[in-house]
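Inspection log for the structure reproduced underneath, given as C-alpha cells.
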Amino acid sequence: MNKQQNLNIARYDTYSTTYITFNMNAQKSALFQDKKVRQALAYGMDRDAMVRAIQGGFGVVAQGTEPVLSWAYAPDQMKTKYTYNPQRANQLLDEAGWAKGPDGIRQKDGKRLAFTIWTNAGNKVREQYITVMQAQWKNLGVEATPKTEEWNSFLTRINETRDFELYLSGFGFGVDPDQSSFWTTDAITNGFNRASYSNPQVDQLFAQALSELDREKRKQLYVEVQNILMDDLPSMMVDFPQALAAVNKRVHNLKPNAINVRWNVKDWWVEDGR
C-alpha cells in the first residue's frame, strides 16, 4: 500500500466500528423477527475476506460489540463468533421455515426473503460492503438489494422515519465501555437503538455495570451483556476499522493512537536535525 519511499505507514486501532442493524419493529418489517434469520445472515458473511479485500487489511473482524481498544474487549469470552459458515447459515434459514422457491430465493407464507440494504452514498468502503453482502447472501437464497443515498437523507431514514429493513453504517464509541445508548430500551427513542430492540436483562446489566466500581467485575458484566447481544443480534459489528498515519522516515518515535496522534511529541526526533 505504501508507494512513497520516503514514508512509513503507521496503523492503529480506534474506537470505531462498521455495523449493520436489522429493523425489529414488526410494523416496519416482518422479516427479522426470528433471530435465526439474523444469525443466518451473520454466518453468511465472509468478514475476513471483506476486511482484506475492501479495507486493505486495515481492520479487525469484530467479535463481540466492544472495540479493540476497550478494556471490555473480550473476544475469547464470546460464546458466538459468527465465523463464515454458509452451511450453518442455510441450516438456520431452513429451521426458520424459509424454503427456496423456483427462482432460488427463499419463501415463507407466500413472502420472499427479499429486502434492501441501505448505506450512505460516497463512502466507497460501505458501498463495497453492501455489494459483497448482496452476493454472499444470494448464495443462501436471500435477495438483498443495495441502495445508497445522500448523507442527510440517510440520517433521516435511520434516525427519524426508521424506514429501513437493514442498513450499514459506522459508529464511534467512547473510551468508557458503556454502550447503553446503543442497546437499551430507553435508547430506542433517546439514543442510537435504531433496531427497536428491547431486552429487560440487557437494560439491567448496563445499569448494574454503570454502578459497579470494581473494574474486573464491571468487565464481566459487559462480557455477559455482549454474549446476550451476540445471540439476539439486533445489530452486528462487522469490523473494527484501523486508522492510518503517514510519517516521513526522517521522523522517529511518532506513535499515533486513537486519542491523540501527537501524545508523545516530546519523544519525537528528526534524523537530520532539521
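Residues in the C-alpha cells are named by chain (A, B, ... in the order shown) and by number from 1 within that chain; ligands are numbered from 1 in the order shown.
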Enumerate, in order of chain and increasing residue number, the residues of region 29-143 of chain A with an atom no farther than 12 Å from region 226-231 of chain A, each with its shortest atom pair and distance in Å to one decimal, counting only C-alpha atoms, as JSON lines.
{"residue": "A:Asp34", "atom": "CA", "partner": "A:Asp231", "partner_atom": "CA", "distance": 11.6}
{"residue": "A:Lys35", "atom": "CA", "partner": "A:Asp231", "partner_atom": "CA", "distance": 7.9}
{"residue": "A:Lys36", "atom": "CA", "partner": "A:Asp231", "partner_atom": "CA", "distance": 9.4}
{"residue": "A:Val37", "atom": "CA", "partner": "A:Asp231", "partner_atom": "CA", "distance": 11.7}
{"residue": "A:Arg38", "atom": "CA", "partner": "A:Asp231", "partner_atom": "CA", "distance": 9.5}
{"residue": "A:Gln39", "atom": "CA", "partner": "A:Asp231", "partner_atom": "CA", "distance": 7.7}
{"residue": "A:Ala40", "atom": "CA", "partner": "A:Asp231", "partner_atom": "CA", "distance": 11.4}
{"residue": "A:Ala42", "atom": "CA", "partner": "A:Met230", "partner_atom": "CA", "distance": 10.1}
{"residue": "A:Tyr43", "atom": "CA", "partner": "A:Met230", "partner_atom": "CA", "distance": 11.9}
{"residue": "A:Ala62", "atom": "CA", "partner": "A:Met230", "partner_atom": "CA", "distance": 10.9}
{"residue": "A:Gln63", "atom": "CA", "partner": "A:Met230", "partner_atom": "CA", "distance": 8.7}
{"residue": "A:Gly64", "atom": "CA", "partner": "A:Gln226", "partner_atom": "CA", "distance": 5.8}
{"residue": "A:Thr65", "atom": "CA", "partner": "A:Gln226", "partner_atom": "CA", "distance": 6.2}
{"residue": "A:Glu66", "atom": "CA", "partner": "A:Gln226", "partner_atom": "CA", "distance": 8.0}
{"residue": "A:Pro67", "atom": "CA", "partner": "A:Gln226", "partner_atom": "CA", "distance": 11.6}
{"residue": "A:Ala72", "atom": "CA", "partner": "A:Gln226", "partner_atom": "CA", "distance": 9.7}
{"residue": "A:Tyr73", "atom": "CA", "partner": "A:Gln226", "partner_atom": "CA", "distance": 9.6}
{"residue": "A:Ala74", "atom": "CA", "partner": "A:Gln226", "partner_atom": "CA", "distance": 9.2}
{"residue": "A:Pro75", "atom": "CA", "partner": "A:Gln226", "partner_atom": "CA", "distance": 9.9}
{"residue": "A:Asp76", "atom": "CA", "partner": "A:Asn227", "partner_atom": "CA", "distance": 11.3}
{"residue": "A:Gln77", "atom": "CA", "partner": "A:Asn227", "partner_atom": "CA", "distance": 8.3}
{"residue": "A:Met78", "atom": "CA", "partner": "A:Asn227", "partner_atom": "CA", "distance": 5.9}
{"residue": "A:Lys79", "atom": "CA", "partner": "A:Asn227", "partner_atom": "CA", "distance": 6.3}
{"residue": "A:Thr80", "atom": "CA", "partner": "A:Met230", "partner_atom": "CA", "distance": 6.4}
{"residue": "A:Lys81", "atom": "CA", "partner": "A:Met230", "partner_atom": "CA", "distance": 7.9}
{"residue": "A:Tyr82", "atom": "CA", "partner": "A:Met230", "partner_atom": "CA", "distance": 8.8}
- Message: Show me, as an MDAnalysis selection string, the residues that have an atom within 6 Å of Tyr19 (chain A) when counting only C-alpha atoms, minus same-chain residues fewer than 5 positions from it.
- Response: chainID A and resid 168:170 236:238
- Query: From the list A:Leu210, A:Met50, A:Val125, A:Met45, which residue is nearest Gln87 (chain A) when using only C-alpha atoms?
  - Reply: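 Counting only C-alpha atoms, the residue closest to Gln87 (chain A) is A:Met45.
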Determine, counting only C-alpha atoms, which protein, DNA and RNA residues have an atom within 12 Å of an atom of region 89-100 of chain A; residues of the same chain fewer than 5 positions away are not included. Present the result as a PDB file with C-alpha atoms, in the first residue's frame.
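Saved file selection.pdb follows:
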ATOM      1  CA  LEU A  31     -38.527 -10.283   8.056  1.00  0.00           C
ATOM      2  CA  PHE A  32     -36.246 -10.123  11.074  1.00  0.00           C
ATOM      3  CA  GLN A  33     -38.496 -11.079  13.960  1.00  0.00           C
ATOM      4  CA  ASP A  34     -36.882 -14.529  14.164  1.00  0.00           C
ATOM      5  CA  LYS A  35     -33.306 -14.296  15.418  1.00  0.00           C
ATOM      6  CA  LYS A  36     -32.391 -17.348  13.345  1.00  0.00           C
ATOM      7  CA  VAL A  37     -32.735 -15.205  10.226  1.00  0.00           C
ATOM      8  CA  ARG A  38     -30.473 -12.524  11.700  1.00  0.00           C
ATOM      9  CA  GLN A  39     -27.950 -15.150  12.786  1.00  0.00           C
ATOM     10  CA  ALA A  40     -28.030 -16.816   9.369  1.00  0.00           C
ATOM     11  CA  LEU A  41     -27.111 -13.560   7.646  1.00  0.00           C
ATOM     12  CA  ALA A  42     -24.225 -13.133  10.084  1.00  0.00           C
ATOM     13  CA  TYR A  43     -22.887 -16.622   9.365  1.00  0.00           C
ATOM     14  CA  GLY A  44     -23.333 -15.939   5.654  1.00  0.00           C
ATOM     15  CA  MET A  45     -20.834 -13.049   5.605  1.00  0.00           C
ATOM     16  CA  ASP A  46     -17.160 -13.726   4.921  1.00  0.00           C
ATOM     17  CA  TYR A  82     -20.083 -15.798  13.593  1.00  0.00           C
ATOM     18  CA  THR A  83     -17.182 -17.091  11.569  1.00  0.00           C
ATOM     19  CA  TYR A  84     -18.036 -17.587   7.894  1.00  0.00           C
ATOM     20  CA  ILE A 105     -34.963 -17.110  -3.371  1.00  0.00           C
ATOM     21  CA  ARG A 106     -36.321 -18.368  -0.082  1.00  0.00           C
ATOM     22  CA  GLN A 107     -40.014 -18.001   0.676  1.00  0.00           C
ATOM     23  CA  LYS A 108     -42.246 -18.381   3.707  1.00  0.00           C
ATOM     24  CA  ASP A 109     -46.026 -17.959   3.883  1.00  0.00           C
ATOM     25  CA  GLY A 110     -46.009 -16.506   0.380  1.00  0.00           C
ATOM     26  CA  LYS A 111     -43.398 -13.855   1.205  1.00  0.00           C
ATOM     27  CA  ARG A 112     -39.921 -13.786  -0.329  1.00  0.00           C
ATOM     28  CA  LEU A 113     -36.829 -13.247   1.806  1.00  0.00           C
ATOM     29  CA  ALA A 114     -36.011 -10.032  -0.026  1.00  0.00           C
ATOM     30  CA  GLN A 136     -22.802 -13.625  -0.370  1.00  0.00           C
ATOM     31  CA  TRP A 137     -26.412 -13.702   0.791  1.00  0.00           C
ATOM     32  CA  LYS A 138     -27.616 -14.533  -2.728  1.00  0.00           C
ATOM     33  CA  ASN A 139     -25.787 -17.852  -2.269  1.00  0.00           C
ATOM     34  CA  LEU A 140     -28.098 -18.540   0.691  1.00  0.00           C
ATOM     35  CA  GLY A 141     -31.247 -17.822  -1.285  1.00  0.00           C
ATOM     36  CA  VAL A 142     -31.600 -14.288   0.091  1.00  0.00           C
ATOM     37  CA  GLU A 143     -32.299 -11.317  -2.182  1.00  0.00           C
TER      38      GLU A 143
END
Selection: 9 Å around Thr131 (chain A), only C-alpha atoms, excl. self and same-chain fewer than 3 positions, as a CSV table (one decimal) with N, CA and C atoms, in the first residue's frame:
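For reference, result-v4.csv as written:
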chain,number,residue,atom,x,y,z
A,126,ARG,N,-18.2,1.4,2.5
A,126,ARG,CA,-19.5,0.9,2.8
A,126,ARG,C,-20.3,0.5,1.6
A,127,GLU,N,-20.1,1.2,0.5
A,127,GLU,CA,-20.8,0.8,-0.8
A,127,GLU,C,-20.3,-0.6,-1.2
A,128,GLN,N,-19.0,-0.8,-1.1
A,128,GLN,CA,-18.5,-2.1,-1.5
A,128,GLN,C,-19.0,-3.2,-0.5
A,134,GLN,N,-24.6,-8.5,-0.7
A,134,GLN,CA,-25.7,-8.9,-1.6
A,134,GLN,C,-25.3,-10.2,-2.3
A,135,ALA,N,-24.0,-10.3,-2.7
A,135,ALA,CA,-23.6,-11.5,-3.4
A,135,ALA,C,-23.5,-12.7,-2.5
A,136,GLN,N,-23.0,-12.5,-1.3
A,136,GLN,CA,-22.8,-13.6,-0.4
A,136,GLN,C,-24.2,-14.2,0.1
A,144,ALA,N,-30.9,-9.5,-1.4
A,144,ALA,CA,-30.7,-8.2,-0.8
A,144,ALA,C,-30.3,-7.2,-1.9
A,145,THR,N,-31.0,-6.0,-1.9
A,145,THR,CA,-30.7,-5.0,-2.9
A,145,THR,C,-30.0,-3.8,-2.3
A,146,PRO,N,-28.8,-3.6,-2.7
A,146,PRO,CA,-28.0,-2.4,-2.1
A,146,PRO,C,-28.6,-1.1,-2.6
- Item | Within 6 Å of region 13-15 of chain A using only C-alpha atoms, minus same-chain residues under 4 positions, as a PyMOL selection string | chain A and resi 67+172-173+242+258
What would the file look like if the residues just selected were written as a short mmCIF file (atom, residue, chain, number, x, y, z; two decimals), in the first residue's frame with N, CA and C atoms?
data_model
loop_
_atom_site.label_atom_id
_atom_site.label_comp_id
_atom_site.auth_asym_id
_atom_site.auth_seq_id
_atom_site.Cartn_x
_atom_site.Cartn_y
_atom_site.Cartn_z
N PRO A 67 -15.11 -2.33 20.99
CA PRO A 67 -13.97 -2.15 20.08
C PRO A 67 -12.66 -2.66 20.69
N GLY A 172 -18.76 5.56 16.34
CA GLY A 172 -17.59 5.72 17.18
C GLY A 172 -17.99 5.69 18.64
N PHE A 173 -17.54 4.67 19.37
CA PHE A 173 -17.83 4.57 20.79
C PHE A 173 -16.85 5.42 21.58
N GLN A 242 -9.17 0.16 11.39
CA GLN A 242 -7.96 0.78 11.93
C GLN A 242 -7.68 2.07 11.17
N ALA A 258 -5.54 6.42 19.02
CA ALA A 258 -6.89 6.90 18.72
C ALA A 258 -7.29 8.12 19.53
#
- Message: Taking 6 positions as the minimum chain separation for residues in the same chain, which residues sit within 9 Å of Leu221 (chain A) when counting only C-alpha atoms? Answer as a PyMOL selection string.
- Response: chain A and resi 205-206+208-209
Write a file of the just-selected residues containing N, CA and C atoms, as a PDB file, in the first residue's frame.
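Result saved to selection_21.pdb:
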ATOM      1  N   LEU A 205     -28.368  -5.174  33.056  1.00  0.00           N
ATOM      2  CA  LEU A 205     -26.913  -5.369  33.086  1.00  0.00           C
ATOM      3  C   LEU A 205     -26.165  -4.067  32.831  1.00  0.00           C
ATOM      4  N   PHE A 206     -26.649  -3.257  31.903  1.00  0.00           N
ATOM      5  CA  PHE A 206     -25.997  -1.973  31.651  1.00  0.00           C
ATOM      6  C   PHE A 206     -26.106  -1.058  32.872  1.00  0.00           C
ATOM      7  N   GLN A 208     -26.452  -2.012  35.988  1.00  0.00           N
ATOM      8  CA  GLN A 208     -25.610  -2.592  37.026  1.00  0.00           C
ATOM      9  C   GLN A 208     -24.141  -2.268  36.780  1.00  0.00           C
ATOM     10  N   ALA A 209     -23.725  -2.350  35.525  1.00  0.00           N
ATOM     11  CA  ALA A 209     -22.324  -2.087  35.195  1.00  0.00           C
ATOM     12  C   ALA A 209     -21.948  -0.635  35.482  1.00  0.00           C
TER      13      ALA A 209
END
- Mind checking which residues fall within 7 Å of Thr185 (chain A), counting only C-alpha atoms, ignoring those fewer than 2 positions away in the same chain, and posting them as a list in words? Trp183, Ala187, Ile188, Tyr197, Ser198, Asn199 and Asp203 of chain A
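In this comparison, which uses only C-alpha atoms, the residue of A:Arg88, A:Arg47, A:Arg194, A:Lys28 approaching Ile158 (chain A) most closely is A:Arg194.
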